[in-house]
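Undergrad: Sharing entry-v6.txt below, compact mmCIF, C-alpha atoms:
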# COMPACT_ATOMS: atom_id res chain seq x y z
CA ASN A 16 -8.74 6.32 -2.99
CA ALA A 17 -11.53 7.12 -5.43
CA GLY A 18 -11.42 10.92 -5.01
CA VAL A 19 -14.83 12.47 -5.72
CA THR A 20 -17.60 10.12 -6.80
CA GLN A 21 -20.87 11.31 -8.30
CA THR A 22 -23.96 9.26 -9.01
CA PRO A 23 -25.87 8.85 -11.22
CA LYS A 24 -24.00 9.77 -14.42
CA PHE A 25 -27.20 10.36 -16.38
CA GLN A 26 -30.77 11.03 -15.32
CA VAL A 27 -34.01 11.98 -17.04
CA LEU A 28 -36.76 13.47 -14.88
CA LYS A 29 -40.26 14.65 -15.56
CA THR A 30 -41.23 18.15 -14.52
CA GLY A 31 -42.23 18.17 -10.87
CA GLN A 32 -40.34 15.04 -9.90
CA SER A 33 -37.77 15.09 -7.14
CA MET A 34 -34.38 13.48 -6.98
CA THR A 35 -31.06 13.54 -5.16
CA LEU A 36 -27.68 13.79 -6.83
CA GLN A 37 -25.07 12.03 -4.77
CA CYS A 38 -21.52 13.18 -4.12
CA ALA A 39 -19.02 11.35 -1.95
CA GLN A 40 -15.34 11.89 -1.25
CA ASP A 41 -12.85 9.69 0.52
CA MET A 42 -10.14 12.28 1.12
CA ASN A 43 -11.49 13.61 4.43
CA HIS A 44 -11.61 17.19 3.10
CA GLU A 45 -13.86 19.79 4.61
CA TYR A 46 -14.80 22.01 1.68
CA MET A 47 -17.25 20.71 -0.92
CA SER A 48 -19.27 22.50 -3.59
CA TRP A 49 -21.94 21.91 -6.21
CA TYR A 50 -21.83 23.55 -9.64
CA ARG A 51 -24.03 23.48 -12.68
CA GLN A 52 -22.63 23.88 -16.17
CA ASP A 53 -24.66 25.23 -19.05
CA PRO A 54 -23.39 26.15 -22.54
CA GLY A 55 -21.83 29.60 -22.54
CA MET A 56 -22.44 30.09 -18.82
CA GLY A 57 -19.37 28.47 -17.33
CA LEU A 58 -19.59 26.76 -13.97
CA ARG A 59 -22.03 28.39 -11.58
CA LEU A 60 -21.90 27.74 -7.86
CA ILE A 61 -25.13 26.33 -6.41
CA HIS A 62 -24.31 25.53 -2.78
CA TYR A 63 -21.19 24.85 -0.80
CA SER A 64 -20.17 23.42 2.55
CA VAL A 65 -17.18 24.05 4.79
CA GLY A 66 -17.75 21.02 6.97
CA ALA A 67 -20.32 18.68 8.44
CA GLY A 68 -23.43 20.57 9.44
CA ILE A 69 -22.43 23.78 7.66
CA THR A 70 -23.78 24.80 4.24
CA ASP A 71 -24.29 28.07 2.41
CA GLN A 72 -25.80 29.36 -0.80
CA GLY A 73 -23.83 30.09 -3.92
CA GLU A 74 -24.72 32.07 -7.05
CA VAL A 75 -27.76 30.05 -8.18
CA PRO A 76 -29.29 28.27 -5.16
CA ASN A 77 -32.99 28.50 -6.01
CA GLY A 78 -34.67 25.14 -6.56
CA TYR A 79 -31.90 23.18 -4.83
CA ASN A 80 -31.35 21.98 -1.27
CA VAL A 81 -28.25 20.53 0.33
CA SER A 82 -27.24 18.99 3.62
CA ARG A 83 -23.92 17.81 5.04
CA SER A 84 -24.41 15.25 7.79
CA THR A 85 -20.97 13.67 7.31
CA THR A 86 -17.62 14.86 5.97
CA GLU A 87 -17.81 12.30 3.17
CA ASP A 88 -21.21 13.03 1.63
CA PHE A 89 -22.75 16.18 0.16
CA PRO A 90 -26.02 15.37 -1.64
CA LEU A 91 -27.88 17.87 -3.83
CA ARG A 92 -31.67 17.67 -3.83
CA LEU A 93 -34.10 18.88 -6.45
CA LEU A 94 -37.49 19.04 -4.76
CA SER A 95 -39.59 19.78 -7.85
CA ALA A 96 -37.61 19.56 -11.07
CA ALA A 97 -38.11 22.16 -13.79
CA PRO A 98 -36.86 22.19 -17.41
CA SER A 99 -34.58 25.11 -16.48
CA GLN A 100 -32.64 22.68 -14.27
CA THR A 101 -31.54 20.67 -17.28
CA SER A 102 -27.77 20.86 -16.98
CA VAL A 103 -24.57 19.05 -16.14
CA TYR A 104 -23.92 19.03 -12.41
CA PHE A 105 -20.46 18.80 -10.90
CA CYS A 106 -19.47 18.23 -7.33
CA ALA A 107 -16.06 19.52 -6.23
CA CYS A 108 -13.90 19.00 -3.19
CA ARG A 109 -11.06 21.21 -2.04
CA GLY A 110 -7.92 19.33 -1.18
CA GLN A 111 -4.26 20.09 -0.76
CA VAL A 112 -3.86 20.61 -4.52
CA GLY A 113 -6.81 22.80 -5.37
CA TYR A 114 -10.33 21.66 -6.10
CA THR A 115 -11.01 18.22 -7.56
CA PHE A 116 -14.17 17.63 -9.56
CA GLY A 117 -16.33 14.58 -9.82
CA SER A 118 -17.19 13.15 -13.24
CA GLY A 119 -20.53 14.93 -13.35
CA THR A 120 -24.22 14.11 -13.65
CA ARG A 121 -26.04 14.96 -16.86
CA LEU A 122 -29.64 15.78 -15.92
CA THR A 123 -32.47 16.29 -18.36
CA VAL A 124 -35.86 17.52 -17.17
CA VAL A 125 -38.69 17.01 -19.65
CA GLY B 19 -20.08 38.62 -3.96
CA GLU B 20 -17.23 37.77 -6.29
CA ASN B 21 -17.65 38.24 -10.05
CA VAL B 22 -15.16 36.90 -12.59
CA GLU B 23 -15.03 38.09 -16.18
CA GLN B 24 -13.10 36.11 -18.80
CA HIS B 25 -11.96 37.07 -22.31
CA PRO B 26 -11.98 36.09 -25.07
CA SER B 27 -14.79 33.58 -25.27
CA THR B 28 -13.16 31.88 -28.26
CA LEU B 29 -9.55 31.84 -29.40
CA SER B 30 -8.08 30.22 -32.49
CA VAL B 31 -4.33 29.90 -32.98
CA GLN B 32 -1.92 28.04 -35.19
CA GLU B 33 0.17 25.27 -33.72
CA GLY B 34 3.31 26.73 -32.19
CA ASP B 35 1.78 30.14 -31.51
CA SER B 36 1.13 31.52 -28.05
CA ALA B 37 -2.31 31.90 -26.50
CA VAL B 38 -3.33 34.36 -23.80
CA ILE B 39 -6.57 34.31 -21.82
CA LYS B 40 -7.42 37.14 -19.45
CA CYS B 41 -9.66 37.35 -16.39
CA THR B 42 -10.70 40.09 -14.03
CA TYR B 43 -12.24 39.71 -10.60
CA SER B 44 -14.18 42.04 -8.36
CA ASP B 45 -13.53 40.98 -4.75
CA SER B 46 -10.24 42.41 -3.50
CA ALA B 47 -10.28 39.81 -0.70
CA SER B 48 -9.89 36.93 -3.17
CA ASN B 49 -6.50 35.31 -2.80
CA TYR B 50 -6.51 32.11 -4.85
CA PHE B 51 -6.75 31.96 -8.65
CA PRO B 52 -6.78 28.58 -10.40
CA TRP B 53 -7.11 27.71 -14.07
CA TYR B 54 -8.96 24.65 -15.28
CA LYS B 55 -8.93 22.83 -18.60
CA GLN B 56 -12.01 20.93 -19.70
CA GLU B 57 -12.05 18.61 -22.68
CA LEU B 58 -15.32 17.70 -24.33
CA GLY B 59 -17.44 15.49 -22.12
CA LYS B 60 -14.87 15.45 -19.32
CA ARG B 61 -14.61 17.04 -15.90
CA PRO B 62 -12.59 20.25 -15.35
CA GLN B 63 -8.96 19.55 -14.50
CA LEU B 64 -6.69 21.93 -12.62
CA ILE B 65 -3.72 22.94 -14.76
CA ILE B 66 -2.12 25.74 -12.74
CA ASP B 67 -2.97 28.07 -9.90
CA ILE B 68 -1.54 31.15 -8.22
CA ARG B 69 -1.95 32.75 -4.86
CA SER B 70 -2.07 36.45 -4.14
CA ASN B 71 1.41 36.62 -2.64
CA VAL B 72 2.95 35.61 -5.98
CA GLY B 73 3.01 37.64 -9.20
CA GLU B 74 3.85 34.89 -11.69
CA LYS B 75 4.04 31.10 -11.81
CA LYS B 76 5.25 28.83 -14.60
CA ASP B 77 4.89 25.15 -15.33
CA GLN B 78 6.58 24.13 -18.57
CA ARG B 79 4.56 25.75 -21.40
CA ILE B 80 1.97 27.27 -19.10
CA ALA B 81 2.29 30.42 -17.03
CA VAL B 82 -0.08 32.54 -15.00
CA THR B 83 0.40 36.18 -14.03
CA LEU B 84 -1.48 38.12 -11.38
CA ASN B 85 -1.90 41.86 -10.94
CA LYS B 86 -3.63 42.39 -7.60
CA THR B 87 -3.79 46.15 -7.96
CA ALA B 88 -5.70 45.91 -11.22
CA LYS B 89 -7.52 42.74 -10.10
CA HIS B 90 -6.71 40.76 -13.17
CA PHE B 91 -4.84 37.56 -13.96
CA SER B 92 -3.89 35.85 -17.19
CA LEU B 93 -3.05 32.41 -18.55
CA HIS B 94 -0.25 32.14 -21.09
CA ILE B 95 0.30 29.01 -23.16
CA THR B 96 3.41 28.94 -25.33
CA GLU B 97 4.21 26.64 -28.25
CA THR B 98 0.60 25.54 -28.48
CA GLN B 99 -0.19 22.02 -29.64
CA PRO B 100 -3.43 20.51 -31.00
CA GLU B 101 -3.93 18.69 -27.69
CA ASP B 102 -4.19 22.09 -25.98
CA SER B 103 -7.57 22.50 -27.70
CA ALA B 104 -10.18 22.61 -24.94
CA VAL B 105 -12.27 24.99 -22.86
CA TYR B 106 -10.28 26.89 -20.25
CA PHE B 107 -11.83 28.40 -17.13
CA CYS B 108 -10.38 30.89 -14.71
CA ALA B 109 -11.68 31.11 -11.16
CA ALA B 110 -11.24 33.09 -7.97
CA SER B 111 -11.81 32.04 -4.43
CA SER B 112 -14.55 33.71 -2.46
CA GLN B 113 -15.10 34.00 1.25
CA ALA B 114 -11.78 32.77 2.56
CA GLY B 115 -11.40 30.11 -0.07
CA THR B 116 -14.56 28.21 0.72
CA ALA B 117 -15.67 27.92 -2.91
CA LEU B 118 -14.61 29.00 -6.39
CA ILE B 119 -16.35 31.49 -8.66
CA PHE B 120 -15.66 30.79 -12.34
CA GLY B 121 -15.44 32.83 -15.48
CA LYS B 122 -17.58 31.74 -18.43
CA GLY B 123 -14.76 29.99 -20.20
CA THR B 124 -12.60 30.32 -23.32
CA THR B 125 -12.76 27.78 -26.12
CA LEU B 126 -9.22 27.42 -27.46
CA SER B 127 -8.73 25.82 -30.86
CA VAL B 128 -5.22 24.97 -32.00
CA SER B 129 -4.94 24.07 -35.67
CA SER B 130 -1.99 22.22 -37.16
What do you get writing this file as structure tokens?
TA:
Amino acid sequence: NAGVTQTPKFQVLKTGQSMTLQCAQDMNHEYMSWYRQDPGMGLRLIHYSVGAGITDQGEVPNGYNVSRSTTEDFPLRLLSAAPSQTSVYFCACRGQVGYTFGSGTRLTVV
Amino acid sequence: GENVEQHPSTLSVQEGDSAVIKCTYSDSASNYFPWYKQELGKRPQLIIDIRSNVGEKKDQRIAVTLNKTAKHFSLHITETQPEDSAVYFCAASSQAGTALIFGKGTTLSVSS
């Protein structure tokens, strides 16, 4: 039981490049979320999902896409990276004991 | 949507003192209020949570209180220790608990 797994841990992108941040959970939980963390800004909700095939926007969705084809996976896509998307990204999954976070992806866009 | 305000942004205490962090929320429909601790370079970890049908909850040196009428909740840490030094985040559930909205965090420093 690995909990919530995020890959990669670190990534450097050039402006305009695209990439997908992966998030997988093995707990068979329905609710999953993506957050970005910037200094002094706390954790801001990007997108969330309440089950396979169902997603919705959070506080800061612009520039990001998500999909949820299976219960286990909830990838976050950056279609055209911008320096403003430099951040630490966390995936979270709601279980029986609150929300569990993945270890994060540190993304730098140059 | 939900908005969560957290104060103070920084808090310095001496070892053994108590620390109190306060949060307010805007959505009266929110019913779940967790607190997370995040150490440098680590992921946020749940330390305590409270639901709207409870006014107070304690777990050893940590307690959380909730005032639904005023829409605020607080974290109380007693007998602080240097290992309590971290960033603490409050959060509130939005839209039937589908996702959490976080405050901006409080950096707690406990000096010995």
Undergrad: One number please: CA of Gly34 in chain B to CA of Ile80 in chain B, in Å, one decimal.
TA: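 Spanning CA of Gly34 in chain B to CA of Ile80 in chain B is a straight-line distance of 13.2 Å.
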Undergrad: Could you make a table, as a Markdown table, of the residues of chain B that have an atom within 7 Å of an atom of chain A, each with its nearest atom pair and distance in Å to one decimal, counting all atoms listed in the file, in chain and number order?
TA:
| residue | atom | partner | partner_atom | distance |
| --- | --- | --- | --- | --- |
| B:Lys60 | CA | A:Ser118 | CA | 6.9 |
| B:Arg61 | CA | A:Ser118 | CA | 5.4 |
| B:Pro62 | CA | A:Phe116 | CA | 6.5 |
| B:Thr116 | CA | A:Tyr46 | CA | 6.3 |
| B:Ala117 | CA | A:Ser48 | CA | 6.5 |
| B:Ile119 | CA | A:Leu60 | CA | 6.7 |
| B:Phe120 | CA | A:Leu58 | CA | 5.9 |
| B:Gly121 | CA | A:Gly57 | CA | 6.2 |
| B:Lys122 | CA | A:Gly57 | CA | 3.9 |
| B:Gly123 | CA | A:Gly57 | CA | 5.6 |
Undergrad: Between CA of Gly31 in chain A and CA of Gln72 in chain A, measure the distance and give it in Å to one decimal.
TA: 22.3 Å
Undergrad: What does the structure give for the distance between CA of Trp53 in chain B and CA of Thr22 in chain A, in Å to one decimal?
TA: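 CA of Thr22 in chain A lies 25.5 Å from CA of Trp53 in chain B.
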Undergrad: What would the list of residues within 8 Å of (-10.3, 28.2, -12.3) (file frame) look like as a PDB file with C-alpha atoms, in the coordinates of the input, if only C-alpha atoms are what count?
TA:
ATOM      1  CA  PHE B  51      -6.750  31.960  -8.650  1.00  0.00           C
ATOM      2  CA  PRO B  52      -6.780  28.580 -10.400  1.00  0.00           C
ATOM      3  CA  TRP B  53      -7.110  27.710 -14.070  1.00  0.00           C
ATOM      4  CA  TYR B  54      -8.960  24.650 -15.280  1.00  0.00           C
ATOM      5  CA  LEU B  64      -6.690  21.930 -12.620  1.00  0.00           C
ATOM      6  CA  ASP B  67      -2.970  28.070  -9.900  1.00  0.00           C
ATOM      7  CA  PHE B 107     -11.830  28.400 -17.130  1.00  0.00           C
ATOM      8  CA  CYS B 108     -10.380  30.890 -14.710  1.00  0.00           C
ATOM      9  CA  ALA B 109     -11.680  31.110 -11.160  1.00  0.00           C
ATOM     10  CA  ALA B 110     -11.240  33.090  -7.970  1.00  0.00           C
ATOM     11  CA  LEU B 118     -14.610  29.000  -6.390  1.00  0.00           C
ATOM     12  CA  ILE B 119     -16.350  31.490  -8.660  1.00  0.00           C
ATOM     13  CA  PHE B 120     -15.660  30.790 -12.340  1.00  0.00           C
ATOM     14  CA  GLY B 121     -15.440  32.830 -15.480  1.00  0.00           C
TER      15      GLY B 121
END
Undergrad: Counting only C-alpha atoms, write as JSON, numbers by chain all protein and nucleic acid residues lying at most 10 Å from (-6.8, 30.3, -28.9) in the file's frame.
TA: {"B": [26, 27, 28, 29, 30, 31, 32, 33, 35, 36, 37, 38, 39, 95, 98, 102, 103, 104, 105, 106, 124, 125, 126, 127, 128, 129]}
